[in-house]
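**Student:** Enclosed is the structure file run34.cif (mmCIF, C-alpha atoms (C1' of nucleotides)).
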```cif
data_coords
loop_
_atom_site.label_atom_id
_atom_site.label_comp_id
_atom_site.auth_asym_id
_atom_site.auth_seq_id
_atom_site.Cartn_x
_atom_site.Cartn_y
_atom_site.Cartn_z
CA MET T 1 2.19 6.19 -4.92
CA PRO T 2 5.57 4.84 -4.50
CA GLU T 3 7.41 1.66 -5.12
CA LEU T 4 11.17 1.49 -5.34
CA PRO T 5 11.69 3.63 -8.47
CA GLU T 6 9.35 6.37 -7.27
CA VAL T 7 10.93 6.40 -3.82
CA GLU T 8 14.37 6.58 -5.42
CA ALA T 9 13.28 9.60 -7.44
CA ALA T 10 11.73 11.21 -4.38
CA ALA T 11 14.90 10.68 -2.34
CA ARG T 12 17.05 12.30 -5.03
CA TYR T 13 14.64 15.20 -5.27
CA LEU T 14 14.78 15.66 -1.52
CA HIS T 15 18.56 15.34 -1.40
CA ASP T 16 18.93 18.13 -3.93
CA ALA T 17 16.41 20.29 -2.08
CA ILE T 18 17.64 20.06 1.52
CA SER T 19 21.13 18.61 1.88
CA GLY T 20 23.39 21.12 3.58
CA ARG T 21 20.42 23.00 5.01
CA THR T 22 19.39 23.21 8.65
CA LEU T 23 15.97 22.16 9.91
CA ARG T 24 14.28 25.17 11.52
CA GLN T 25 10.75 24.06 12.34
CA VAL T 26 8.38 21.10 12.22
CA THR T 27 4.59 21.38 12.16
CA TRP T 28 2.17 18.43 12.13
CA LEU T 29 -0.91 18.86 10.02
CA HIS T 30 -2.64 15.49 10.55
CA ALA T 31 -3.21 13.46 13.71
CA SER T 32 -2.10 10.19 12.12
CA LEU T 33 1.52 11.33 12.11
CA GLN T 34 1.49 12.15 15.80
CA ARG T 35 0.93 8.63 17.02
CA GLY T 36 4.13 7.04 18.22
CA GLY T 37 5.78 10.22 19.34
CA THR T 38 6.91 13.28 17.49
CA ALA T 39 9.27 14.68 20.13
CA ALA T 40 12.28 12.96 18.57
CA VAL T 41 11.50 14.56 15.22
CA GLU T 42 11.11 17.98 16.75
CA ALA T 43 14.44 17.48 18.54
CA LEU T 44 16.14 17.51 15.13
CA VAL T 45 15.42 21.23 14.79
CA GLY T 46 18.71 23.11 14.60
CA THR T 47 20.54 20.23 12.92
CA ARG T 48 21.96 20.24 9.41
CA VAL T 49 21.04 17.62 6.80
CA HIS T 50 23.99 15.63 5.59
CA ARG T 51 22.31 13.61 2.85
CA VAL T 52 19.15 11.77 1.80
CA HIS T 53 19.10 8.26 0.45
CA ARG T 54 16.78 5.33 -0.17
CA VAL T 55 16.68 1.91 1.49
CA ALA T 56 14.02 -0.30 -0.14
CA LYS T 57 10.86 1.86 0.09
CA TRP T 58 12.21 3.90 2.98
CA GLN T 59 13.85 7.29 2.71
CA GLU T 60 16.57 8.16 5.19
CA ILE T 61 17.36 11.79 5.89
CA VAL T 62 20.75 11.67 7.57
CA PHE T 63 21.58 14.59 9.82
CA ALA T 64 25.06 15.90 10.64
CA ASP T 65 24.96 14.42 14.14
CA GLY T 66 24.14 10.94 12.81
CA ALA T 67 20.44 10.98 13.65
CA VAL T 68 18.25 9.68 10.82
CA LEU T 69 14.74 10.79 9.95
CA VAL T 70 13.15 7.72 8.37
CA VAL T 71 10.14 8.28 6.12
CA HIS T 72 7.82 5.77 4.47
CA PHE T 73 5.33 7.05 1.90
CA ARG T 74 3.07 3.95 2.04
CA MET T 75 0.37 4.37 -0.64
CA THR T 76 0.10 8.04 -1.48
CA GLY T 77 2.96 9.97 0.09
CA ASP T 78 5.05 12.49 -1.80
CA TRP T 79 7.28 15.52 -1.25
CA SER T 80 6.61 19.05 -2.29
CA VAL T 81 9.19 21.81 -1.88
CA THR T 82 7.95 25.36 -2.08
CA PRO T 83 9.41 28.83 -1.57
CA SER T 84 6.39 29.99 0.42
CA VAL T 85 4.45 28.86 3.48
CA GLU T 86 1.31 28.12 1.52
CA ALA T 87 0.39 24.52 2.25
CA PRO T 88 -0.34 22.34 -0.77
CA ARG T 89 -3.55 20.28 -0.79
CA HIS T 90 -3.24 17.21 1.48
CA ALA T 91 -0.12 18.47 3.23
CA ARG T 92 0.31 16.36 6.41
CA ALA T 93 3.57 17.75 7.77
CA HIS T 94 5.54 20.95 7.24
CA PHE T 95 9.31 21.19 7.60
CA THR T 96 11.02 24.56 7.34
CA PHE T 97 14.69 24.63 6.37
CA SER T 98 17.32 27.35 6.33
CA GLY T 99 17.22 29.56 3.27
CA GLY T 100 13.42 29.81 3.46
CA ARG T 101 12.76 26.46 1.92
CA HIS T 102 9.54 24.69 2.85
CA LEU T 103 9.18 20.95 2.61
CA TRP T 104 5.74 19.38 2.74
CA LEU T 105 4.83 15.75 3.23
CA VAL T 106 1.83 15.48 0.94
CA ASP T 107 -0.27 12.38 1.52
CA PRO T 108 -4.01 12.23 0.75
CA ARG T 109 -4.60 8.98 2.61
CA ALA T 110 -2.40 9.95 5.55
CA LEU T 111 -0.86 6.51 5.81
CA ALA T 112 2.76 7.69 5.59
CA ARG T 113 5.04 7.22 8.59
CA VAL T 114 7.90 9.27 9.97
CA GLU T 115 10.28 8.22 12.73
CA VAL T 116 13.72 8.98 14.09
CA ARG T 117 16.65 6.61 14.49
CA ALA T 118 19.08 7.91 17.04
CA PRO T 119 22.76 8.31 16.14
CA GLY T 120 24.60 4.99 16.07
CA VAL T 121 21.47 2.84 16.11
CA GLU T 122 21.41 0.11 13.47
CA ALA T 123 18.58 -0.08 10.94
CA ARG T 124 15.96 -2.67 11.76
CA GLY T 125 16.38 -6.00 10.05
CA ARG T 126 13.58 -8.17 8.69
CA THR T 127 13.92 -6.93 5.13
CA GLY T 128 15.37 -8.88 2.25
CA PRO T 129 17.93 -7.66 -0.27
CA ASP T 130 17.13 -4.49 -2.17
CA ALA T 131 15.44 -5.28 -5.48
CA LEU T 132 18.09 -3.34 -7.38
CA ASP T 133 21.05 -4.76 -5.46
CA PRO T 134 23.42 -5.68 -8.31
CA THR T 135 24.89 -8.54 -6.29
CA LEU T 136 21.52 -10.26 -5.92
CA ASP T 137 21.47 -13.40 -8.05
CA ALA T 138 18.91 -16.01 -9.00
CA ALA T 139 20.27 -18.65 -6.63
CA THR T 140 19.95 -16.28 -3.67
CA LEU T 141 16.45 -15.18 -4.59
CA ARG T 142 15.38 -18.76 -5.15
CA ALA T 143 16.68 -19.71 -1.72
CA ARG T 144 14.64 -16.89 -0.20
CA LEU T 145 11.52 -18.17 -1.97
CA ALA T 146 12.08 -21.76 -0.88
CA GLY T 147 9.49 -23.17 1.48
CA ARG T 148 7.01 -20.34 0.89
CA ARG T 149 3.60 -21.88 0.35
CA ILE T 150 2.27 -18.74 -1.29
CA SER T 151 2.01 -17.55 -4.87
CA VAL T 152 5.04 -16.00 -6.49
CA LYS T 153 3.09 -12.73 -6.74
CA ALA T 154 2.47 -12.66 -3.00
CA ALA T 155 6.08 -13.61 -2.33
CA LEU T 156 7.38 -10.68 -4.38
CA LEU T 157 5.27 -8.33 -2.27
CA ASP T 158 6.81 -9.73 0.92
CA GLN T 159 9.55 -7.26 1.85
CA SER T 160 11.38 -9.92 3.85
CA VAL T 161 11.88 -11.90 0.62
CA ILE T 162 12.97 -9.00 -1.59
CA ALA T 163 12.67 -5.34 -0.64
CA GLY T 164 11.23 -2.62 -2.83
CA VAL T 165 8.81 -4.51 -5.07
CA GLY T 166 5.17 -3.48 -4.82
CA ASN T 167 1.90 -4.37 -6.50
CA ILE T 168 2.62 -2.74 -9.85
CA TYR T 169 6.17 -3.91 -10.38
CA ALA T 170 5.40 -7.43 -9.14
CA ALA T 171 2.87 -7.73 -11.97
CA GLU T 172 5.15 -6.05 -14.49
CA SER T 173 8.09 -8.29 -13.56
CA LEU T 174 6.05 -11.47 -13.92
CA TRP T 175 4.72 -10.32 -17.28
CA HIS T 176 8.25 -9.74 -18.50
CA ALA T 177 9.30 -13.15 -17.13
CA ARG T 178 6.24 -14.82 -18.76
CA ILE T 179 5.30 -16.45 -15.46
CA ASP T 180 1.78 -17.09 -14.16
CA PRO T 181 1.42 -15.00 -10.96
CA ARG T 182 -0.43 -17.88 -9.27
CA THR T 183 2.58 -20.18 -9.48
CA SER T 184 3.69 -21.49 -6.10
CA ALA T 185 6.78 -19.61 -4.95
CA GLN T 186 8.57 -22.72 -3.78
CA GLN T 187 8.39 -24.67 -7.01
CA LEU T 188 10.11 -22.19 -9.30
CA SER T 189 13.18 -23.43 -11.14
CA LYS T 190 16.36 -21.42 -10.96
CA ALA T 191 15.91 -20.45 -14.61
CA ARG T 192 12.44 -19.08 -13.91
CA VAL T 193 13.69 -17.14 -10.88
CA ALA T 194 16.43 -15.70 -13.10
CA ARG T 195 13.74 -14.51 -15.50
CA ILE T 196 11.86 -12.86 -12.63
CA LEU T 197 15.02 -11.08 -11.54
CA ASP T 198 15.50 -9.88 -15.11
CA GLY T 199 11.89 -8.72 -15.10
CA ILE T 200 12.37 -6.73 -11.89
CA ARG T 201 15.46 -5.02 -13.26
CA TRP T 202 13.79 -4.39 -16.59
CA CYS T 203 10.64 -2.73 -15.28
CA MET T 204 12.33 -0.80 -12.49
CA GLY T 205 15.15 0.37 -14.76
CA LEU T 206 12.59 1.50 -17.27
CA ALA T 207 10.63 3.30 -14.57
CA LEU T 208 13.71 5.10 -13.26
CA ASP T 209 14.48 6.29 -16.79
CA GLN T 210 10.95 7.45 -17.43
CA ILE T 211 10.37 9.07 -14.09
CA GLY T 212 13.49 11.18 -14.58
CA ARG T 213 12.72 13.29 -11.59
CA HIS T 214 9.51 13.34 -9.69
CA GLN T 215 7.01 13.02 -12.53
CA TYR T 216 5.52 9.71 -11.52
CA GLY T 217 1.87 10.58 -11.11
CA THR T 218 1.36 10.86 -14.83
CA ALA T 219 1.69 8.03 -17.28
CA THR T 220 0.09 4.66 -16.78
CA ASP T 221 1.06 3.98 -20.39
CA ARG T 222 4.46 3.05 -19.08
CA PHE T 223 3.05 -0.21 -17.71
CA ALA T 224 2.66 -3.36 -19.78
CA VAL T 225 -0.18 -4.91 -17.76
CA TYR T 226 -0.95 -2.85 -14.66
CA ASP T 227 -4.42 -1.28 -14.83
CA ARG T 228 -4.92 -2.59 -18.37
CA GLU T 229 -7.67 -5.14 -17.83
CA GLY T 230 -9.26 -6.07 -21.16
CA GLU T 231 -6.62 -4.38 -23.29
CA PRO T 232 -4.57 -6.52 -25.67
CA CYS T 233 -1.27 -7.87 -24.40
CA SER T 234 1.48 -5.98 -26.20
CA ARG T 235 3.32 -9.26 -26.74
CA CYS T 236 0.63 -11.72 -27.85
CA GLY T 237 -2.59 -9.74 -28.23
CA ALA T 238 -4.69 -11.72 -25.74
CA PRO T 239 -6.77 -9.59 -23.37
CA ILE T 240 -5.09 -8.64 -20.08
CA ALA T 241 -6.84 -10.29 -17.13
CA ARG T 242 -7.34 -9.05 -13.58
CA ILE T 243 -7.50 -11.45 -10.63
CA THR T 244 -7.42 -10.89 -6.88
CA GLN T 245 -4.59 -12.27 -4.79
CA GLY T 246 -4.49 -11.43 -1.09
CA GLN T 247 -6.97 -8.55 -1.48
CA ARG T 248 -4.79 -6.95 -4.17
CA SER T 249 -5.38 -6.83 -7.91
CA THR T 250 -3.02 -8.73 -10.15
CA TYR T 251 -2.95 -7.92 -13.86
CA TRP T 252 -1.51 -10.50 -16.23
CA CYS T 253 -1.74 -12.21 -19.61
CA ARG T 254 -3.31 -15.66 -19.43
CA ARG T 255 -1.85 -16.63 -22.77
CA CYS T 256 1.83 -15.77 -22.50
CA GLN T 257 2.34 -16.05 -18.73
CA ARG T 258 2.55 -19.72 -17.74
"C1'" DT F 1 -0.71 -17.81 6.06
"C1'" DA F 2 -4.90 -15.08 5.74
"C1'" DT F 3 -7.49 -11.12 7.41
"C1'" DG F 4 -8.87 -6.54 9.08
"C1'" DG F 5 -7.47 -1.96 10.03
"C1'" DC F 6 -5.33 2.27 9.12
"C1'" DC F 7 -6.97 6.89 6.05
"C1'" DT F 8 -8.96 9.63 2.26
"C1'" DG F 9 -10.12 10.14 -2.43
"C1'" DT F 10 -11.83 8.79 -7.05
"C1'" DG F 11 -14.55 6.55 -10.40
"C1'" DG F 12 -18.26 3.43 -11.82
"C1'" DC I 1 -23.98 3.67 -3.04
"C1'" DC I 2 -19.99 0.57 -3.68
"C1'" DA I 3 -15.33 -0.99 -5.10
"C1'" DC I 4 -10.90 0.07 -5.28
"C1'" DA I 5 -6.38 2.49 -4.55
"C1'" DG I 6 1.52 1.79 -6.26
"C1'" DG I 7 1.71 -0.58 1.82
"C1'" DC I 8 2.33 -2.38 6.00
"C1'" DC I 9 1.22 -4.01 10.69
"C1'" DA I 10 -1.19 -6.41 14.32
"C1'" DT I 11 -3.91 -10.12 15.04
"C1'" DA I 12 -6.04 -14.77 14.74
#
```
What is this structure when it is put down as structure tokens?

**Tutor:**
Amino acid sequence: MPELPEVEAAARYLHDAISGRTLRQVTWLHASLQRGGTAAVEALVGTRVHRVHRVAKWQEIVFADGAVLVVHFRMTGDWSVTPSVEAPRHARAHFTFSGGRHLWLVDPRALARVEVRAPGVEARGRTGPDALDPTLDAATLRARLAGRRISVKAALLDQSVIAGVGNIYAAESLWHARIDPRTSAQQLSKARVARILDGIRWCMGLALDQIGRHQYGTATDRFAVYDREGEPCSRCGAPIARITQGQRSTYWCRRCQR
DNA sequence: TATGGCCTGTGG
DNA sequence: CCACAGGCCATA
């Protein structure tokens, strides 16, 4: 269940587990991963992993020859590394590496995607700046929001505006910024956009600290508003509300978010 | 810009 | 049984 902080943790976990090792075998365990061709992935067998890193909510496994295995967890993806060939529950793909290390793509809903970018090919565009890009400033973000006739909540979920924010951290960021999630994206002042940017950095920084490594399935008590409908706002005490925006739940405080 | 579809599981 | 789930894409 990954947004930027969880994907960052997963990428670090994977880097530590497989960098320097050689891919020995790939097995597909669910039909959904086989659409769109798996031959390119299987062709990576015999190649050594150089490193693993994160780009927005994507993970890039960079091989020694420059090929990149690009993985997106979507809603429920995760990694599991095991010393044996026993498949964990909901394992959808199995990668064997040198040294007898088994990597499983675990994904109950089977929505995750895996694809290969050939050596030298540029990453696809269409995504905005990474949410944790330290050079991103309020003026830039405001310019990217300009002309969007959608709510600020919907705009934060649009990866072409800013990349890496998902449904939880959009709500958390807006709570921190004290901004009504229904506010039109295009009418935000620069000061309010600056508060949103602070909110993004605050809640994602907090999440990265708390996740440590790979323990993100556990505590919902690390969220200020997400999944807390009816509970008192930790800032003002008013009950947290839930509304629907674009088929997704938004949690927020009607009193202190304006 | 809004909607349905992809998938499976959980909780009310 | 139904609603909902931390995402994204193709379509209208």

**Student:** Need the shell around DG5 in chain F: protein/DNA/RNA residues with any atom at most 12 Å away, counting all atoms listed in the file. Skip same-chain ones fewer than 4 positions apart. Format as a list in words?

**Tutor:**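 Returned residues: Leu111 of chain T; DC8, DC9, DA10 and DT11 of chain I.
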
**Student:** Please dump the current selection as a compact mmCIF listing (two decimals), keeping the file's coordinate frame; keep C-alpha atoms (C1' of nucleotides).

**Tutor:**
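The result, written out as selection_4.txt:
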```
# COMPACT_ATOMS: atom_id res chain seq x y z
CA LEU T 111 -0.86 6.51 5.81
C1' DC I 8 2.33 -2.38 6.00
C1' DC I 9 1.22 -4.01 10.69
C1' DA I 10 -1.19 -6.41 14.32
C1' DT I 11 -3.91 -10.12 15.04
```

**Student:** Residues at most 6 Å from Trp79 in chain T, counting all atoms listed in the file, excluding those fewer than 4 positions away in the same chain, as a list in words?

**Tutor:**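 In the requested format, the answer is Trp104, Leu105 and Val106 of chain T.
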
**Student:** Define the interface residues of chain F facing chain T as those within 10 Å, counting all atoms listed in the file, and report them as a short mmCIF file (atom, residue, chain, number, x, y, z; two decimals) with C-alpha atoms (C1' of nucleotides), in the coordinates of the input.

**Tutor:**
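After the write, part_33.cif holds the following:
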```cif
data_model
loop_
_atom_site.label_atom_id
_atom_site.label_comp_id
_atom_site.auth_asym_id
_atom_site.auth_seq_id
_atom_site.Cartn_x
_atom_site.Cartn_y
_atom_site.Cartn_z
"C1'" DT F 1 -0.71 -17.81 6.06
"C1'" DA F 2 -4.90 -15.08 5.74
"C1'" DT F 3 -7.49 -11.12 7.41
"C1'" DC F 6 -5.33 2.27 9.12
"C1'" DC F 7 -6.97 6.89 6.05
"C1'" DT F 8 -8.96 9.63 2.26
"C1'" DG F 9 -10.12 10.14 -2.43
#
```

**Student:** Restrict the distance test to only C-alpha atoms (C1' of nucleotides), flag each residue of chain T within 7 Å of chain I, and return the flagged residues as a list of chain:residue names.

**Tutor:**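 In the required form, that comes to T:Met1, T:Pro2, T:Glu3, T:Arg74, T:Met75, T:Gly166, T:Asn167, T:Ile168.
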
**Student:** Here is a test: counting only C-alpha atoms, which residue of T:Arg113, T:Thr82, T:Cys233, T:Arg254 is nearest to Arg182 in chain T?

**Tutor:**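 Between T:Arg113, T:Thr82, T:Cys233, T:Arg254, the residue approaching Arg182 in chain T most closely is T:Arg254.
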
**Student:** Pick out the closest residue to Thr183 in chain T from this set: T:Arg144, T:Arg195, T:Arg222, T:Arg258. Count all atoms listed in the file.

**Tutor:** T:Arg258

**Student:** Could you write out as lines of an AutoDock Vina configuration file the box around range 27-37 of chain T (axis-aligned, all atoms listed in the file, 3 Å on each side), with centre and edge lengths in Å to one decimal?

**Tutor:**
```
center_x = 1.3
center_y = 14.2
center_z = 14.7
size_x = 15.0
size_y = 20.3
size_z = 15.3
```

**Student:** Please write the residues picked by the PyMOL selection byres ((chain T and resi 159) around 10) on this file as a PDB file with C-alpha atoms (C1' of nucleotides), keeping the file's coordinate frame.

**Tutor:**
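Below you can see part.pdb, which holds the result:
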```pdb
ATOM      1  CA  ALA T  56      14.020  -0.300  -0.140  1.00  0.00           C
ATOM      2  CA  LYS T  57      10.860   1.860   0.090  1.00  0.00           C
ATOM      3  CA  ARG T 126      13.580  -8.170   8.690  1.00  0.00           C
ATOM      4  CA  THR T 127      13.920  -6.930   5.130  1.00  0.00           C
ATOM      5  CA  GLY T 128      15.370  -8.880   2.250  1.00  0.00           C
ATOM      6  CA  PRO T 129      17.930  -7.660  -0.270  1.00  0.00           C
ATOM      7  CA  ASP T 130      17.130  -4.490  -2.170  1.00  0.00           C
ATOM      8  CA  ALA T 131      15.440  -5.280  -5.480  1.00  0.00           C
ATOM      9  CA  ALA T 155       6.080 -13.610  -2.330  1.00  0.00           C
ATOM     10  CA  LEU T 156       7.380 -10.680  -4.380  1.00  0.00           C
ATOM     11  CA  LEU T 157       5.270  -8.330  -2.270  1.00  0.00           C
ATOM     12  CA  ASP T 158       6.810  -9.730   0.920  1.00  0.00           C
ATOM     13  CA  SER T 160      11.380  -9.920   3.850  1.00  0.00           C
ATOM     14  CA  VAL T 161      11.880 -11.900   0.620  1.00  0.00           C
ATOM     15  CA  ILE T 162      12.970  -9.000  -1.590  1.00  0.00           C
ATOM     16  CA  ALA T 163      12.670  -5.340  -0.640  1.00  0.00           C
ATOM     17  CA  GLY T 164      11.230  -2.620  -2.830  1.00  0.00           C
ATOM     18  CA  VAL T 165       8.810  -4.510  -5.070  1.00  0.00           C
ATOM     19  CA  GLY T 166       5.170  -3.480  -4.820  1.00  0.00           C
TER      20      GLY T 166
ATOM     21  C1'  DC I   8       2.330  -2.380   6.000  1.00  0.00           C
TER      22       DC I   8
END
```

**Student:** So how many Å separate CA of Ala224 in chain T and CA of His176 in chain T, to one decimal?

**Tutor:** 8.6 Å

**Student:** For range 60-63 of chain T, find every residue with an atom within 10 Å (counting all atoms listed in the file), except residues of its own chain fewer than 6 positions away, and show them as a count of residues only.

**Tutor:** 27

**Student:** Looking at T:Ala43, T:Ala123, T:Val7, T:Ala91, which one is nearest to Gln59 in chain T, with distances taken over only C-alpha atoms?

**Tutor:**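 The answer is T:Val7, which sits nearest to Gln59 in chain T.
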
**Student:** Would you translate the PyMOL selection byres ((chain T and resi 171) around 9) into the concrete set of residues it matches in this file, as a ChimeraX atom specification?

**Tutor:** /T:153,166-170,172-176,181,224-226,250-252

**Student:** In Å, how far is it from CA of Ile200 in chain T to CA of Asp16 in chain T?

**Tutor:**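 We find that CA of Ile200 in chain T and CA of Asp16 in chain T lie 26.9 Å from each other.
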
**Student:** So how far away is CA of Glu6 in chain T from CA of Asp78 in chain T, in Å?

**Tutor:**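 These two atoms are separated by 9.3 Å.
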
**Student:** Residue by residue, what does the PyMOL selection byres ((chain T and resi 27) around 8) grab here? Present the result as a ChimeraX atom specification.

**Tutor:** /T:25-26,28-29,93-95
